[in-house]
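Here is run-v2.tsv, consisting of TSV, C-alpha atoms:
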chain	number	residue	atom	x	y	z
A	1	MET	CA	31.11	-162.14	76.26
A	2	ALA	CA	34.55	-163.00	77.61
A	3	GLY	CA	36.10	-160.47	75.26
A	4	ALA	CA	33.80	-157.69	76.40
A	5	ALA	CA	34.44	-158.45	80.05
A	6	GLY	CA	38.16	-158.56	79.42
A	7	LEU	CA	38.07	-155.17	77.77
A	8	VAL	CA	36.40	-153.63	80.81
A	9	ALA	CA	38.80	-155.33	83.21
A	10	ALA	CA	41.76	-154.00	81.26
A	11	MET	CA	40.73	-150.35	81.56
A	12	THR	CA	42.80	-148.21	83.93
A	13	THR	CA	41.39	-145.35	85.96
A	14	GLY	CA	44.31	-142.99	85.57
A	15	GLY	CA	44.75	-143.43	81.84
A	16	ASP	CA	41.08	-143.00	81.02
A	17	ALA	CA	40.65	-140.02	83.30
A	18	ALA	CA	43.46	-138.23	81.51
A	19	ALA	CA	42.42	-139.17	77.98
A	20	MET	CA	39.15	-137.30	77.49
A	21	THR	CA	38.18	-136.82	73.87
A	22	THR	CA	35.26	-135.01	72.29
A	23	ALA	CA	33.92	-137.76	70.06
A	24	PRO	CA	33.54	-141.54	70.47
A	25	SER	CA	35.22	-143.92	68.06
A	26	VAL	CA	31.94	-145.66	67.24
A	27	ARG	CA	29.46	-143.51	65.31
A	28	GLY	CA	26.24	-144.22	63.52
A	29	GLY	CA	24.21	-142.42	60.90
A	30	GLY	CA	21.70	-139.67	61.32
A	31	GLY	CA	24.30	-136.95	61.61
A	32	GLY	CA	25.80	-138.65	64.65
A	33	GLU	CA	29.36	-137.56	63.97
A	34	ASP	CA	28.62	-133.85	64.33
A	35	ARG	CA	26.33	-134.47	67.27
A	36	PHE	CA	28.84	-136.49	69.28
A	37	ALA	CA	31.61	-134.04	68.50
A	38	ARG	CA	29.64	-131.82	70.89
A	39	GLY	CA	29.84	-134.46	73.60
A	40	GLU	CA	27.83	-137.46	74.78
A	41	LEU	CA	26.42	-138.07	78.24
A	42	ARG	CA	27.24	-141.47	79.72
A	43	GLY	CA	25.77	-141.60	83.17
A	44	VAL	CA	24.80	-143.88	86.02
A	45	TRP	CA	22.22	-143.33	88.74
A	46	ILE	CA	23.43	-143.86	92.33
A	47	ALA	CA	20.26	-144.36	94.40
A	48	THR	CA	20.36	-143.85	98.15
A	49	VAL	CA	16.67	-144.26	99.07
A	50	ALA	CA	16.30	-147.48	101.08
A	51	ASN	CA	20.05	-148.01	100.49
A	52	LEU	CA	19.34	-149.26	96.97
A	53	ASP	CA	22.87	-148.56	95.72
A	54	TRP	CA	24.73	-146.67	98.42
A	55	PRO	CA	25.62	-146.99	101.23
A	56	SER	CA	25.32	-150.75	101.05
A	57	ARG	CA	23.62	-150.63	104.45
A	58	PRO	CA	22.95	-147.94	107.05
A	59	GLY	CA	25.32	-147.52	109.97
A	60	LEU	CA	28.65	-148.00	108.22
A	61	THR	CA	31.50	-145.83	109.43
A	62	ALA	CA	32.16	-142.61	107.56
A	63	ALA	CA	35.35	-144.15	106.16
A	64	ALA	CA	33.50	-147.21	104.89
A	65	GLN	CA	30.77	-145.09	103.32
A	66	ARG	CA	33.34	-142.91	101.60
A	67	SER	CA	35.21	-145.98	100.34
A	68	GLU	CA	32.04	-147.43	98.82
A	69	LEU	CA	31.21	-144.12	97.16
A	70	ILE	CA	34.70	-143.79	95.70
A	71	ALA	CA	34.40	-147.33	94.33
A	72	HIS	CA	31.28	-146.32	92.39
A	73	LEU	CA	33.09	-143.29	90.97
A	74	ASP	CA	36.18	-145.28	90.02
A	75	ARG	CA	34.01	-147.89	88.32
A	76	ALA	CA	32.32	-145.16	86.29
A	77	VAL	CA	35.72	-144.03	85.06
A	78	ARG	CA	36.80	-147.58	84.19
A	79	LEU	CA	33.64	-148.01	82.13
A	80	ARG	CA	34.35	-144.71	80.36
A	81	LEU	CA	31.27	-143.00	81.76
A	82	ASN	CA	31.36	-139.26	82.38
A	83	ALA	CA	28.54	-138.50	84.81
A	84	VAL	CA	27.01	-139.78	88.01
A	85	VAL	CA	23.48	-138.91	89.09
A	86	PHE	CA	23.73	-139.00	92.87
A	87	GLN	CA	20.54	-139.07	94.95
A	88	VAL	CA	20.99	-136.45	97.66
A	89	ARG	CA	17.38	-135.83	98.82
A	90	PRO	CA	15.70	-139.24	98.85
A	91	THR	CA	12.79	-138.69	101.29
A	92	ALA	CA	12.57	-135.02	102.29
A	93	ASP	CA	15.94	-135.36	104.01
A	94	ALA	CA	19.51	-134.61	102.98
A	95	LEU	CA	22.94	-136.01	102.26
A	96	TRP	CA	24.54	-132.71	103.21
A	97	PRO	CA	24.23	-130.54	106.36
A	98	SER	CA	21.01	-128.85	105.31
A	99	PRO	CA	19.43	-126.09	107.41
A	100	TYR	CA	16.06	-127.13	106.00
A	101	GLU	CA	15.87	-130.89	106.45
A	102	PRO	CA	17.41	-133.65	108.59
A	103	TRP	CA	20.24	-135.96	107.70
A	104	ALA	CA	19.00	-138.94	105.67
A	105	ASP	CA	18.54	-142.17	107.59
A	106	CYS	CA	20.22	-144.21	104.84
A	107	LEU	CA	23.53	-143.00	106.29
A	108	THR	CA	23.34	-143.91	109.99
A	109	GLY	CA	20.02	-145.70	110.24
A	110	VAL	CA	18.67	-142.80	112.30
A	111	GLN	CA	17.10	-139.84	110.55
A	112	GLY	CA	18.69	-136.59	111.67
A	113	GLN	CA	21.88	-138.17	113.00
A	114	ASP	CA	25.08	-136.52	111.78
A	115	PRO	CA	27.12	-139.13	109.87
A	116	GLY	CA	30.39	-137.32	110.64
A	117	TRP	CA	31.13	-136.22	107.08
A	118	ASP	CA	29.54	-134.44	104.11
A	119	PRO	CA	28.70	-136.98	101.38
A	120	LEU	CA	27.62	-134.38	98.82
A	121	ALA	CA	30.77	-132.30	99.22
A	122	THR	CA	32.89	-135.43	98.88
A	123	ALA	CA	30.93	-136.68	95.87
A	124	VAL	CA	31.31	-133.36	94.02
A	125	ARG	CA	35.03	-133.09	94.71
A	126	GLU	CA	35.90	-136.71	93.96
A	127	ALA	CA	33.72	-136.84	90.84
A	128	HIS	CA	35.29	-133.69	89.42
A	129	ASP	CA	38.78	-134.97	90.24
A	130	ARG	CA	37.97	-137.96	88.02
A	131	GLY	CA	36.53	-135.97	85.14
A	132	LEU	CA	32.97	-136.93	86.04
A	133	GLU	CA	30.00	-134.59	86.19
A	134	LEU	CA	27.93	-134.68	89.38
A	135	HIS	CA	24.19	-134.34	88.84
A	136	ALA	CA	22.48	-133.93	92.21
A	137	TRP	CA	19.29	-135.99	92.22
A	138	PHE	CA	16.38	-134.71	94.31
A	139	ASN	CA	12.89	-136.07	94.90
A	140	PRO	CA	10.58	-133.05	95.36
A	141	TYR	CA	7.53	-134.40	97.22
A	142	ARG	CA	8.16	-137.82	98.78
A	143	VAL	CA	8.37	-137.56	102.56
A	144	ALA	CA	8.55	-141.19	103.70
A	145	ASN	CA	8.05	-144.74	102.50
A	146	HIS	CA	5.56	-145.26	105.32
A	147	THR	CA	2.55	-143.35	106.69
A	148	ASP	CA	3.56	-142.81	110.34
A	149	PRO	CA	4.72	-139.22	110.95
A	150	THR	CA	5.97	-140.14	114.42
A	151	ARG	CA	8.72	-142.19	112.80
A	152	LEU	CA	10.18	-138.96	111.41
A	153	THR	CA	12.65	-137.02	113.52
A	154	ALA	CA	10.91	-134.56	115.83
A	155	SER	CA	12.32	-131.53	113.98
A	156	HIS	CA	11.28	-132.77	110.55
A	157	PRO	CA	9.35	-130.10	108.60
A	158	ALA	CA	6.61	-132.64	107.95
A	159	ARG	CA	6.04	-132.93	111.70
A	160	LEU	CA	6.30	-129.20	112.28
A	161	HIS	CA	3.78	-128.64	109.46
A	162	PRO	CA	1.45	-131.67	109.48
A	163	GLU	CA	-0.97	-129.71	107.28
A	164	TRP	CA	1.56	-130.02	104.45
A	165	VAL	CA	1.47	-133.82	104.40
A	166	LEU	CA	-0.89	-136.40	102.90
A	167	PRO	CA	-0.74	-140.22	103.17
A	168	TYR	CA	-1.29	-142.22	100.01
A	169	GLY	CA	-0.46	-145.73	98.89
A	170	GLY	CA	1.47	-146.55	102.06
A	171	LYS	CA	3.66	-143.45	101.83
A	172	LEU	CA	3.71	-139.83	102.97
A	173	TYR	CA	3.87	-136.96	100.48
A	174	TYR	CA	4.04	-133.21	100.65
A	175	ASN	CA	0.89	-131.76	99.08
A	176	PRO	CA	1.87	-130.22	95.71
A	177	GLY	CA	-1.24	-128.01	95.80
A	178	LEU	CA	0.03	-125.79	98.62
A	179	PRO	CA	2.10	-122.76	97.55
A	180	GLU	CA	4.05	-122.85	100.81
A	181	VAL	CA	5.05	-126.45	100.12
A	182	ARG	CA	6.19	-125.57	96.62
A	183	ARG	CA	8.35	-122.75	97.95
A	184	PHE	CA	9.77	-124.85	100.77
A	185	VAL	CA	10.87	-127.79	98.63
A	186	GLN	CA	12.50	-125.39	96.17
A	187	ASP	CA	14.35	-123.65	99.01
A	188	ALA	CA	15.54	-126.98	100.40
A	189	MET	CA	16.93	-128.10	97.05
A	190	LEU	CA	18.43	-124.72	96.17
A	191	ASP	CA	20.49	-124.83	99.36
A	192	ALA	CA	22.60	-127.52	97.69
A	193	VAL	CA	22.82	-125.53	94.45
A	194	ARG	CA	24.03	-122.50	96.38
A	195	ARG	CA	26.64	-124.33	98.45
A	196	TYR	CA	28.09	-126.97	96.10
A	197	GLU	CA	29.49	-126.86	92.60
A	198	ILE	CA	27.11	-129.43	91.22
A	199	ASP	CA	26.74	-129.69	87.45
A	200	ALA	CA	22.99	-130.23	87.36
A	201	VAL	CA	19.81	-130.54	89.38
A	202	HIS	CA	18.10	-133.81	88.48
A	203	TRP	CA	14.54	-134.91	89.26
A	204	ASP	CA	13.14	-138.37	88.73
A	205	ASP	CA	9.60	-139.48	87.81
A	206	TYR	CA	7.74	-138.78	91.05
A	207	PHE	CA	5.42	-135.77	90.99
A	208	TYR	CA	1.86	-136.53	92.03
A	209	PRO	CA	2.12	-140.16	93.14
A	210	TYR	CA	1.56	-143.09	90.83
A	211	PRO	CA	-2.09	-144.19	91.03
A	212	VAL	CA	-3.01	-146.85	93.57
A	213	ALA	CA	-6.21	-148.77	92.83
A	214	GLY	CA	-9.06	-147.93	95.17
A	215	GLN	CA	-7.34	-144.95	96.79
A	216	GLU	CA	-7.74	-141.19	96.35
A	217	PHE	CA	-5.11	-138.53	96.95
A	218	GLN	CA	-7.03	-136.42	99.47
A	219	ASP	CA	-6.24	-132.88	98.31
A	220	ASP	CA	-9.84	-131.63	98.10
A	221	ALA	CA	-9.28	-128.88	100.67
A	222	ALA	CA	-6.34	-127.42	98.74
A	223	TYR	CA	-8.31	-127.64	95.50
A	224	GLU	CA	-11.25	-125.80	97.03
A	225	ARG	CA	-8.90	-123.08	98.27
A	226	TYR	CA	-6.69	-122.64	95.20
A	227	GLY	CA	-8.35	-124.34	92.24
A	228	SER	CA	-11.36	-122.19	91.40
A	229	ALA	CA	-9.80	-120.88	88.17
A	230	PHE	CA	-9.41	-124.35	86.67
A	231	ALA	CA	-11.83	-126.54	84.73
A	232	ASP	CA	-11.19	-129.55	86.95
A	233	LYS	CA	-8.86	-130.89	89.59
A	234	ALA	CA	-6.60	-132.56	87.03
A	235	ALA	CA	-5.92	-129.23	85.29
A	236	TRP	CA	-5.19	-127.60	88.66
A	237	ARG	CA	-2.81	-130.39	89.62
A	238	ARG	CA	-0.92	-130.06	86.34
A	239	ASP	CA	-0.62	-126.33	86.92
A	240	ASN	CA	0.84	-126.99	90.36
A	241	VAL	CA	3.57	-129.18	88.88
A	242	ASP	CA	4.11	-126.78	85.98
A	243	ARG	CA	4.71	-123.99	88.49
A	244	LEU	CA	7.16	-126.12	90.44
A	245	VAL	CA	9.17	-126.90	87.31
A	246	ARG	CA	9.11	-123.40	85.82
A	247	GLU	CA	9.97	-121.67	89.10
A	248	MET	CA	12.72	-124.13	89.94
A	249	GLY	CA	14.39	-123.61	86.57
A	250	GLU	CA	14.27	-119.85	87.03
A	251	ARG	CA	15.63	-120.02	90.56
A	252	ILE	CA	18.46	-122.37	89.63
A	253	ARG	CA	19.65	-119.90	86.99
A	254	GLU	CA	19.41	-117.05	89.49
A	255	THR	CA	21.33	-119.02	92.13
A	256	ARG	CA	24.28	-120.40	90.17
A	257	GLN	CA	25.08	-119.87	86.52
A	258	GLY	CA	25.91	-122.99	84.52
A	259	VAL	CA	23.93	-125.46	86.64
A	260	ARG	CA	21.59	-127.37	84.36
A	261	PHE	CA	18.12	-128.60	85.26
A	262	GLY	CA	17.02	-132.03	84.10
A	263	VAL	CA	14.04	-134.31	84.64
A	264	SER	CA	13.86	-138.07	84.16
A	265	PRO	CA	10.17	-138.93	83.77
A	266	PHE	CA	8.25	-142.08	83.06
A	267	ALA	CA	8.65	-142.23	79.30
A	268	VAL	CA	5.06	-142.08	78.05
A	269	TRP	CA	3.56	-138.59	78.06
A	270	ARG	CA	0.26	-139.75	76.54
A	271	ASN	CA	-0.74	-142.64	74.31
A	272	LYS	CA	-1.78	-141.76	70.78
A	273	ALA	CA	-5.23	-143.18	71.47
A	274	THR	CA	-5.62	-140.56	74.21
A	275	ASP	CA	-4.07	-137.67	72.31
A	276	PRO	CA	-3.00	-137.54	68.63
A	277	ALA	CA	0.20	-135.82	69.76
A	278	GLY	CA	1.08	-138.81	71.94
A	279	SER	CA	3.33	-141.78	71.26
A	280	ASP	CA	2.33	-144.95	69.44
A	281	THR	CA	2.02	-146.84	72.71
A	282	ARG	CA	-0.58	-148.49	74.94
A	283	ALA	CA	1.05	-147.77	78.28
A	284	GLY	CA	-0.95	-148.24	81.46
A	285	VAL	CA	0.41	-144.97	82.88
A	286	GLU	CA	0.49	-141.60	81.12
A	287	THR	CA	2.39	-138.86	82.91
A	288	TYR	CA	0.02	-136.10	81.76
A	289	ASP	CA	-3.08	-137.82	83.12
A	290	ASP	CA	-1.82	-139.97	85.99
A	291	LEU	CA	1.11	-138.06	87.49
A	292	HIS	CA	-0.17	-134.64	86.35
A	293	ALA	CA	3.25	-134.04	84.85
A	294	ASP	CA	3.05	-132.37	81.43
A	295	THR	CA	6.55	-133.42	80.44
A	296	ARG	CA	6.06	-132.50	76.77
A	297	LYS	CA	5.11	-128.94	77.74
A	298	TRP	CA	8.23	-128.53	79.86
A	299	VAL	CA	10.33	-129.37	76.82
A	300	LYS	CA	8.37	-127.19	74.40
A	301	GLU	CA	8.49	-124.22	76.80
A	302	GLY	CA	12.21	-124.68	77.48
A	303	TRP	CA	11.71	-124.76	81.25
A	304	ILE	CA	14.30	-127.52	81.62
A	305	ASP	CA	17.75	-128.00	80.12
A	306	TYR	CA	17.50	-131.73	79.51
A	307	ILE	CA	15.00	-134.53	79.68
A	308	CYS	CA	15.88	-138.17	80.29
A	309	PRO	CA	12.80	-140.33	79.71
A	310	GLN	CA	13.01	-143.71	81.39
A	311	ILE	CA	12.53	-145.88	78.31
A	312	TYR	CA	12.64	-149.05	80.36
A	313	TRP	CA	11.25	-151.37	77.69
A	314	HIS	CA	12.84	-153.71	75.20
A	315	LEU	CA	12.83	-153.40	71.44
A	316	GLY	CA	9.53	-154.73	70.16
A	317	GLN	CA	7.69	-154.56	73.48
A	318	SER	CA	4.01	-154.73	72.56
A	319	ALA	CA	2.58	-151.91	74.71
A	320	ALA	CA	5.61	-149.61	74.62
A	321	ASP	CA	8.25	-150.45	72.05
A	322	TYR	CA	11.63	-148.89	72.91
A	323	ALA	CA	12.08	-147.87	69.26
A	324	LYS	CA	8.71	-146.09	69.03
A	325	VAL	CA	9.10	-144.26	72.33
A	326	LEU	CA	12.64	-143.20	71.40
A	327	ALA	CA	11.44	-141.84	68.05
A	328	TRP	CA	8.65	-139.87	69.75
A	329	TRP	CA	11.05	-138.17	72.15
A	330	ASP	CA	13.54	-137.47	69.36
A	331	GLN	CA	10.79	-135.64	67.48
A	332	THR	CA	9.47	-133.90	70.60
A	333	VAL	CA	12.74	-132.22	71.57
A	334	ARG	CA	13.66	-131.23	68.01
A	335	GLY	CA	14.13	-127.49	67.70
A	336	THR	CA	13.65	-126.80	71.42
A	337	GLY	CA	17.28	-126.64	72.54
A	338	VAL	CA	16.48	-129.13	75.31
A	339	GLY	CA	18.95	-131.99	75.60
A	340	LEU	CA	17.70	-135.58	75.25
A	341	TYR	CA	19.28	-138.42	77.19
A	342	VAL	CA	17.74	-141.88	77.49
A	343	GLY	CA	17.21	-143.71	80.76
A	344	GLU	CA	18.23	-147.35	80.30
A	345	ALA	CA	16.94	-150.29	82.36
A	346	LEU	CA	20.19	-152.12	83.03
A	347	TYR	CA	18.51	-153.60	86.12
A	348	LYS	CA	16.30	-155.72	83.85
A	349	ALA	CA	19.22	-157.37	82.03
A	350	GLY	CA	19.46	-160.97	83.15
A	351	ASP	CA	16.53	-160.73	85.55
A	352	PRO	CA	14.74	-164.07	85.15
A	353	ALA	CA	11.40	-162.35	85.78
A	354	GLN	CA	11.84	-160.25	82.64
A	355	ALA	CA	10.95	-161.12	79.04
A	356	ALA	CA	13.30	-163.03	76.75
A	357	PRO	CA	14.96	-159.95	75.16
A	358	TRP	CA	16.33	-158.98	78.58
A	359	GLN	CA	18.14	-162.31	78.80
A	360	ASP	CA	20.23	-161.31	75.77
A	361	PRO	CA	23.43	-159.45	76.76
A	362	ALA	CA	23.22	-157.48	73.50
A	363	GLU	CA	19.77	-155.91	74.11
A	364	LEU	CA	21.07	-152.70	75.71
A	365	SER	CA	23.81	-152.35	73.13
A	366	ARG	CA	21.16	-152.49	70.41
A	367	HIS	CA	19.39	-149.61	72.16
A	368	LEU	CA	22.49	-147.43	71.82
A	369	THR	CA	22.98	-148.49	68.21
A	370	LEU	CA	19.42	-147.45	67.40
A	371	ALA	CA	19.80	-144.17	69.29
A	372	ARG	CA	22.75	-143.14	67.11
A	373	ASP	CA	20.31	-142.86	64.21
A	374	HIS	CA	18.25	-140.30	66.15
A	375	GLU	CA	19.85	-136.89	65.85
A	376	GLU	CA	18.57	-135.46	69.14
A	377	VAL	CA	19.77	-138.25	71.43
A	378	ALA	CA	22.89	-137.03	73.22
A	379	GLY	CA	23.53	-139.83	75.67
A	380	HIS	CA	22.24	-142.44	78.08
A	381	ILE	CA	21.97	-142.95	81.85
A	382	PHE	CA	21.93	-146.47	83.32
A	383	PHE	CA	19.90	-147.62	86.30
A	384	SER	CA	21.58	-148.26	88.58
A	385	ALA	CA	25.02	-148.33	90.20
A	386	LYS	CA	24.73	-151.72	91.88
A	387	HIS	CA	23.61	-153.26	88.59
A	388	VAL	CA	26.54	-151.62	86.82
A	389	ALA	CA	28.79	-153.24	89.42
A	390	ALA	CA	27.16	-156.68	89.25
A	391	ASP	CA	26.56	-156.65	85.47
A	392	ARG	CA	24.64	-159.90	85.81
A	393	ILE	CA	24.94	-161.13	82.21
A	394	GLY	CA	27.56	-158.75	80.87
A	395	ALA	CA	25.12	-156.30	79.27
A	396	MET	CA	27.06	-153.27	80.52
A	397	ALA	CA	30.34	-154.77	79.38
A	398	ARG	CA	28.79	-155.24	75.95
A	399	VAL	CA	27.72	-151.58	75.84
A	400	VAL	CA	31.24	-150.49	76.73
A	401	ALA	CA	32.85	-152.78	74.17
A	402	ASP	CA	30.48	-151.73	71.39
A	403	HIS	CA	30.04	-148.02	72.10
A	404	TYR	CA	32.42	-146.63	74.72
A	405	GLN	CA	35.81	-147.35	73.24
A	406	ASP	CA	37.09	-143.88	74.11
A	407	ARG	CA	36.31	-141.69	77.08
A	408	VAL	CA	34.43	-138.55	75.99
A	409	ARG	CA	33.26	-135.37	77.58
A	410	ALA	CA	29.67	-134.79	78.60
A	411	PRO	CA	27.75	-132.28	76.45
A	412	ARG	CA	27.49	-128.68	77.68

Any chance you could put this one into C-alpha cells?
Amino acid sequence: MAGAAGLVAAMTTGGDAAAMTTAPSVRGGGGGEDRFARGELRGVWIATVANLDWPSRPGLTAAAQRSELIAHLDRAVRLRLNAVVFQVRPTADALWPSPYEPWADCLTGVQGQDPGWDPLATAVREAHDRGLELHAWFNPYRVANHTDPTRLTASHPARLHPEWVLPYGGKLYYNPGLPEVRRFVQDAMLDAVRRYEIDAVHWDDYFYPYPVAGQEFQDDAAYERYGSAFADKAAWRRDNVDRLVREMGERIRETRQGVRFGVSPFAVWRNKATDPAGSDTRAGVETYDDLHADTRKWVKEGWIDYICPQIYWHLGQSAADYAKVLAWWDQTVRGTGVGLYVGEALYKAGDPAQAAPWQDPAELSRHLTLARDHEEVAGHIFFSAKHVAADRIGAMARVVADHYQDRVRAPR
C-alpha cells in the first residue's frame, strides 16, 4: 500500500503530460497487446449535480471554482489518466452560456445566475492543454431533484412549457414521449457540440426514471396521442428512447465531425431468465424493461460510438458478478465497431457499508486484470472525481501501480 501511494505521489504533471505513449507497459492475454497499441481509455467522471464532485459547494468565486477544476485535471494527469467526463447539463441547465437553458445552480447557488466565467470552455481548453480528452456529460430528461416547478428560474423551459414536465419519485422529468421534448433536449445539448471542441457527448444511465414502488409515470396522455402503432406502452417508451439515441448520434455527426457519442448505462440489459440473450445475472433492474433503454440494440445498430456499462459490482457478487457481466458486454460489442469501456465503482472501495471485497484495496485492480483478457474492453472510467482524490483505502493508487505505469493515449 505504501509503495503504491508513493508511486502516485512521485508522478509529475509536466513529465507525464509530455510522455504520451501508445501502449501501456502492463499487458495481459487475449490479444491485449495489439488492442492497447490502439490506445486505452482511462477516465474519471466529474459530477456537478448537487455539487457531488465540483464545485465543492455553490457560491465559490469564479477563481476558486476554476482552481478546484484545474486540481481535478492535474490529478488526472498525475494518475496517468487520459480523459475526464465532465457533467455539463446536470438538471436541464448548463455549465456554459446556453441560449436554451439557464446557468446551473451548482455554480452560484441560484439557477440562472451568471457565474462570471465559462466552465465548459475552460474545461475543454485546460484538459486539452494537459493531453486529456474532454467528454461532455449530459443528462437528457432530468429537470430537477424536487417536484416544485416554482423553484426553477422563471425563464426555465420547464416553466414556459409545463405540459412537457412530469413529477415522479420526488423529481421532475421531461416527458420522453413528446416529440417536441425530444427535439428540444437534442438542440440544447447540440449547442455545446457546435460551440466547443469537446471530444465526445456522454450520457449516463437515466432515460425513463428508475422505478419507484407504488408510483406510476403518468404519461398516458402522450401514449394515447402517439402510441397507437405499438403493442403496449413499454414498446412505445422504448421506441421513444431509441429515437432519441439514433437521432442524437446522427445530429452529432452532422454538427461536428470527430465528436464521439457514448452512453454509460446500468450494466444489466436483461437477465438470462427474462431473455436467453441476456446476461447470467439476477439483477433487480433491467434497462430494457425498467428504464425502457434497449442498450444492446444501440450497440448492435451502431447508433453510438462507445458504451460504458456501469459494472458496479465486485467479483463473485451473487446477483450480478462483475466477471459475468463483463463477459456478456465483451461478447455483445464484438463485431459491431462500438467501443467498450467499463464503468468502475471506485466510490465503493473502503465504504464500510459495502461487502467485504470492497474493503480490499486490490479489488479494482483485479477488475482491470480480468478485463485485459477480454479483447473488446478498451478502457475504464472511475466514479468519481472526489473518490479519486480521497482514495479512501488506496484502491486507485493500486490500479495506477499495477496497470498505469505509462501514460497512454485514449483510443480514437

Find the residues of range 329-405 of chain A that sit at most 7 Å from range 275-299 of chain A; for each, write down the nearest two atoms and how far apart they are in Å, to one decimal. Count all atoms listed in the file. Sort by chain, then by number going up, and give it as a Markdown table.
| residue | atom | partner | partner_atom | distance |
| --- | --- | --- | --- | --- |
| A:Val333 | CA | A:Val299 | CA | 6.4 |
| A:Thr336 | CA | A:Val299 | CA | 6.8 |
| A:Val338 | CA | A:Val299 | CA | 6.3 |

Check: Neighbours of Ala389 in chain A within 12 Å (all atoms listed in the file; same-chain residues fewer than 2 positions away dropped), as number ranges by chain?
Finding: A: 8-9, 44-46, 53-54, 68, 71-76, 78-79, 346-347, 382-387, 391-397

Margin query: Calculated over all atoms listed in the file, which of the candidates A:Arg412, A:Arg237, A:His403, A:Arg159 has the smallest distance to Tyr306 in chain A?
Written below: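 Answer, going by the shortest atom-to-atom distance: A:Arg412.
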
Next item on the list: Measuring atom to atom with only C-alpha atoms, identify which of A:Ala229, A:Val388, A:Leu326, A:Val165 is nearest to Glu180 in chain A.
Entry: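 So, comparing all the options, the nearest one is A:Val165.
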
Taking all listed atoms of range 148-159 of chain A, build the axis-aligned box, pad each of the six sides by 5 Å, then write its centre and edge lengths in Å to one decimal as AutoDock Vina command-line options.
--center_x 8.1 --center_y -136.5 --center_z 111.9 --size_x 19.1 --size_y 22.7 --size_z 17.9

Next item on the list: Considering all atoms listed in the file, return as a PyMOL selection string whatever protein or nucleic-acid residues lie within 12 Å of Trp164 in chain A, sequence-local ones (same chain, fewer than 3 positions apart) excluded.
Entry: chain A and resi 141-143+149+156-161+167+172-185+218-219+221-222

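With all atoms listed in the file as the atoms that count, the residue of A:Leu166, A:Val85, A:Leu315, A:Ala63 with the shortest distance to Ala123 in chain A is A:Val85.
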
Checklist line | For CA of Pro211 in chain A and CA of Asp242 in chain A, the interatomic separation in Å (one decimal) | finding: 19.2 Å

For range 134-146 of chain A in the structure I just supplied, write out N, CA, C and O atoms - as a PDB file, in the first residue's frame.
ATOM      1  N   LEU A 134     -11.854  15.591 -23.278  1.00  0.00           N
ATOM      2  CA  LEU A 134     -12.978  16.133 -22.520  1.00  0.00           C
ATOM      3  C   LEU A 134     -14.267  15.569 -23.098  1.00  0.00           C
ATOM      4  O   LEU A 134     -14.658  15.916 -24.219  1.00  0.00           O
ATOM      5  N   HIS A 135     -14.891  14.662 -22.364  1.00  0.00           N
ATOM      6  CA  HIS A 135     -16.187  14.116 -22.741  1.00  0.00           C
ATOM      7  C   HIS A 135     -17.247  14.910 -21.979  1.00  0.00           C
ATOM      8  O   HIS A 135     -17.257  14.909 -20.740  1.00  0.00           O
ATOM      9  N   ALA A 136     -18.108  15.599 -22.711  1.00  0.00           N
ATOM     10  CA  ALA A 136     -19.149  16.417 -22.092  1.00  0.00           C
ATOM     11  C   ALA A 136     -20.334  15.529 -21.734  1.00  0.00           C
ATOM     12  O   ALA A 136     -20.939  14.908 -22.602  1.00  0.00           O
ATOM     13  N   TRP A 137     -20.655  15.505 -20.464  1.00  0.00           N
ATOM     14  CA  TRP A 137     -21.658  14.594 -19.905  1.00  0.00           C
ATOM     15  C   TRP A 137     -22.980  15.346 -19.720  1.00  0.00           C
ATOM     16  O   TRP A 137     -23.046  16.354 -19.019  1.00  0.00           O
ATOM     17  N   PHE A 138     -24.004  14.839 -20.385  1.00  0.00           N
ATOM     18  CA  PHE A 138     -25.330  15.445 -20.361  1.00  0.00           C
ATOM     19  C   PHE A 138     -26.342  14.447 -19.789  1.00  0.00           C
ATOM     20  O   PHE A 138     -26.247  13.254 -20.043  1.00  0.00           O
ATOM     21  N   ASN A 139     -27.335  14.970 -19.069  1.00  0.00           N
ATOM     22  CA  ASN A 139     -28.469  14.153 -18.657  1.00  0.00           C
ATOM     23  C   ASN A 139     -29.674  14.611 -19.470  1.00  0.00           C
ATOM     24  O   ASN A 139     -30.105  15.757 -19.353  1.00  0.00           O
ATOM     25  N   PRO A 140     -30.243  13.757 -20.329  1.00  0.00           N
ATOM     26  CA  PRO A 140     -31.258  14.224 -21.270  1.00  0.00           C
ATOM     27  C   PRO A 140     -32.562  14.721 -20.641  1.00  0.00           C
ATOM     28  O   PRO A 140     -33.094  15.757 -21.056  1.00  0.00           O
ATOM     29  N   TYR A 141     -33.118  13.992 -19.637  1.00  0.00           N
ATOM     30  CA  TYR A 141     -34.505  14.233 -19.259  1.00  0.00           C
ATOM     31  C   TYR A 141     -34.721  14.753 -17.846  1.00  0.00           C
ATOM     32  O   TYR A 141     -35.810  15.240 -17.543  1.00  0.00           O
ATOM     33  N   ARG A 142     -33.737  14.663 -16.970  1.00  0.00           N
ATOM     34  CA  ARG A 142     -33.954  15.114 -15.591  1.00  0.00           C
ATOM     35  C   ARG A 142     -34.053  16.644 -15.555  1.00  0.00           C
ATOM     36  O   ARG A 142     -33.181  17.354 -16.045  1.00  0.00           O
ATOM     37  N   VAL A 143     -35.106  17.135 -14.928  1.00  0.00           N
ATOM     38  CA  VAL A 143     -35.324  18.577 -14.818  1.00  0.00           C
ATOM     39  C   VAL A 143     -34.924  19.093 -13.437  1.00  0.00           C
ATOM     40  O   VAL A 143     -34.319  20.155 -13.318  1.00  0.00           O
ATOM     41  N   ALA A 144     -35.281  18.378 -12.388  1.00  0.00           N
ATOM     42  CA  ALA A 144     -34.975  18.850 -11.034  1.00  0.00           C
ATOM     43  C   ALA A 144     -35.029  17.691 -10.067  1.00  0.00           C
ATOM     44  O   ALA A 144     -35.777  16.727 -10.268  1.00  0.00           O
ATOM     45  N   ASN A 145     -34.286  17.808  -8.990  1.00  0.00           N
ATOM     46  CA  ASN A 145     -34.312  16.804  -7.929  1.00  0.00           C
ATOM     47  C   ASN A 145     -35.340  17.165  -6.864  1.00  0.00           C
ATOM     48  O   ASN A 145     -35.147  16.935  -5.668  1.00  0.00           O
ATOM     49  N   HIS A 146     -36.435  17.749  -7.322  1.00  0.00           N
ATOM     50  CA  HIS A 146     -37.587  18.077  -6.485  1.00  0.00           C
ATOM     51  C   HIS A 146     -38.789  18.149  -7.429  1.00  0.00           C
ATOM     52  O   HIS A 146     -38.647  17.985  -8.644  1.00  0.00           O
TER      53      HIS A 146
END
